[in-house]
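Trainee: Just passing along the structure, written as structure tokens.
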Amino acid sequence: MRLRTVVLCTLVLCLPAVAAEKSPMKAGKWEVTVKMDMPGMEMKPVTVTKCITEEEAAKPATPDVQGGDCKITDYRMDGKNVTWSFKCEKQNLTGDGKMTFGDNSYEGESKMKMGEMEMSSKYSGKFLGDCDK
């Protein structure tokens with residue numbers, strides 16, 4: 001159950017948190033690939049396709065985990081670079097991440113710690129165009 005919570009949180013966090021200023025992310029369909037690394041576990045990359053709305057692209061994302069109380073803190077956007085830290089009190093989960101955007105892509109990484117368990121993720125996103133109707 002804890003691993004599932006960490007994986008869900010990672011997938012949510014791999015979608016960029018964006019602030020009130022002009023976001024470097026476009027609304028539309030994105031393909032996101034996440035490669036998680038945990039000591040002692042071999043994990044294959046996971047690729048998902050997600051439709052990002054104008055609202056999602058323009059405001060900070062908050063991790064949505066079961067029973068979660070996660071908050072993004074120390075959020076910074078500098079041009080096409082985004083960094084953040086987060087904390088989930090109930091899950092004893094903390095972490096930080098960074099992303100760099102291109103015109104139609106992004107790359108990033110994050111590190112998380114849940115109790116004594118540590119995990120890192122590398123991810124990339126590719127803009128695919130308009131969302132399906």
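Here, A, B, ... name the chains of the structure tokens in the order displayed, residue numbers run from 1 inside each chain, and ligands are numbered from 1 in the same displayed order.
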Going by DSSP on the backbone, which bits of segment 31-102 of chain A are alpha helix (DSSP H)? Write them as a CSV table (one decimal) with C-alpha atoms, in the first residue's frame, please.
Mentor:
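The new file part-v8.csv reads:
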chain,number,residue,atom,x,y,z
A,54,GLU,CA,-5.7,25.4,-19.4
A,55,GLU,CA,-6.5,25.6,-15.7
A,56,GLU,CA,-4.1,22.7,-14.9
A,57,ALA,CA,-1.3,24.3,-16.9
A,58,ALA,CA,-1.8,27.7,-15.2
Trainee: Tell me, in Å to one decimal, how far atom CA of Asn92 of chain A is from atom CA of Val46 of chain A.
Mentor: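 The value is 24.4 Å.
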Trainee: Give me the residues near Val82 of chain A as a VMD selection string, where near means some atom within 6 Å (using only C-alpha atoms) and where sequence neighbours in that chain fewer than 4 positions away do not count.
Mentor: chain A and resid 76 to 77 98 to 99
Trainee: Give me the residues near Gly97 of chain A as a PyMOL selection string, where near means some atom within 8 Å (using only C-alpha atoms) and where sequence neighbours in that chain fewer than 6 positions away do not count.
Mentor: chain A and resi 83-85+108-111
Trainee: To test your reading of the structure, identify every residue in segment 36-105 of chain A that backbone DSSP assigns to strand (DSSP E or B), and report it as a PyMOL selection string.
Mentor: chain A and resi 36-38+41+46-52+70-78+81-88+93-101+105
Trainee: Can I get the selection written as an mmCIF file, in the first residue's frame, with C-alpha atoms?
Mentor:
data_model
loop_
_atom_site.group_PDB
_atom_site.id
_atom_site.type_symbol
_atom_site.label_atom_id
_atom_site.label_comp_id
_atom_site.auth_asym_id
_atom_site.auth_seq_id
_atom_site.Cartn_x
_atom_site.Cartn_y
_atom_site.Cartn_z
ATOM 1 C CA MET A 36 11.528 5.390 -10.708
ATOM 2 C CA ASP A 37 14.522 4.091 -8.812
ATOM 3 C CA MET A 38 14.297 2.502 -5.382
ATOM 4 C CA MET A 41 13.827 -2.816 -6.683
ATOM 5 C CA VAL A 46 5.880 3.921 -17.012
ATOM 6 C CA THR A 47 4.384 5.996 -19.826
ATOM 7 C CA VAL A 48 1.002 7.704 -19.516
ATOM 8 C CA THR A 49 -0.914 10.115 -21.728
ATOM 9 C CA LYS A 50 -2.698 12.961 -19.976
ATOM 10 C CA CYS A 51 -4.833 15.815 -21.201
ATOM 11 C CA ILE A 52 -3.750 18.999 -19.404
ATOM 12 C CA CYS A 70 0.206 17.053 0.529
ATOM 13 C CA LYS A 71 1.366 20.598 0.000
ATOM 14 C CA ILE A 72 3.826 21.988 -2.502
ATOM 15 C CA THR A 73 6.239 24.395 -0.843
ATOM 16 C CA ASP A 74 9.185 26.501 -1.927
ATOM 17 C CA TYR A 75 7.823 26.681 -5.469
ATOM 18 C CA ARG A 76 9.929 28.660 -7.937
ATOM 19 C CA MET A 77 9.639 29.358 -11.627
ATOM 20 C CA ASP A 78 12.522 30.971 -13.481
ATOM 21 C CA ASN A 81 12.832 26.069 -15.103
ATOM 22 C CA VAL A 82 10.514 25.019 -12.285
ATOM 23 C CA THR A 83 11.576 23.755 -8.851
ATOM 24 C CA TRP A 84 9.543 22.771 -5.797
ATOM 25 C CA SER A 85 9.523 20.911 -2.525
ATOM 26 C CA PHE A 86 6.562 19.063 -1.043
ATOM 27 C CA LYS A 87 5.437 17.488 2.191
ATOM 28 C CA CYS A 88 2.640 15.051 3.011
ATOM 29 C CA LEU A 93 6.400 11.816 2.720
ATOM 30 C CA THR A 94 8.734 14.647 1.690
ATOM 31 C CA GLY A 95 10.574 15.488 -1.480
ATOM 32 C CA ASP A 96 11.682 17.974 -4.051
ATOM 33 C CA GLY A 97 11.847 18.207 -7.793
ATOM 34 C CA LYS A 98 12.885 20.229 -10.786
ATOM 35 C CA MET A 99 11.797 20.484 -14.402
ATOM 36 C CA THR A 100 13.153 22.172 -17.485
ATOM 37 C CA PHE A 101 10.812 22.917 -20.383
ATOM 38 C CA SER A 105 8.790 18.926 -24.107
#
Trainee: Expressed in Å to a single decimal, how great is the separation between atom CA of Glu42 of chain A and atom CA of Lys113 of chain A?
Mentor: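 The value is 17.6 Å.
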Trainee: Which one is closest to Lys126 of chain A: A:Lys90, A:Asp103, A:Val32, A:Met43? Count only C-alpha atoms.
Mentor: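 So, comparing all the options, the nearest one is A:Val32.
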Trainee: Go through A:Ser23, A:Gln91, A:Ser124, A:Thr53 one by one, measure the shortest atom-to-atom distance of each to Glu107 of chain A using only C-alpha atoms, and give the residue with the smallest value.
Mentor: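 Among the listed residues, the smallest separation from Glu107 of chain A belongs to A:Ser124.
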Trainee: Report the distance between atom CA of Tyr106 of chain A and atom CA of Lys44 of chain A in Å, rounded to one decimal place.
Mentor: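 So the answer is 19.8 Å.
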Trainee: Which is closer to Asp130 of chain A than all the others in A:Glu89, A:Pro24, A:Trp30, A:Lys80, using only C-alpha atoms?
Mentor: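 Among the listed residues, the smallest separation from Asp130 of chain A belongs to A:Trp30.
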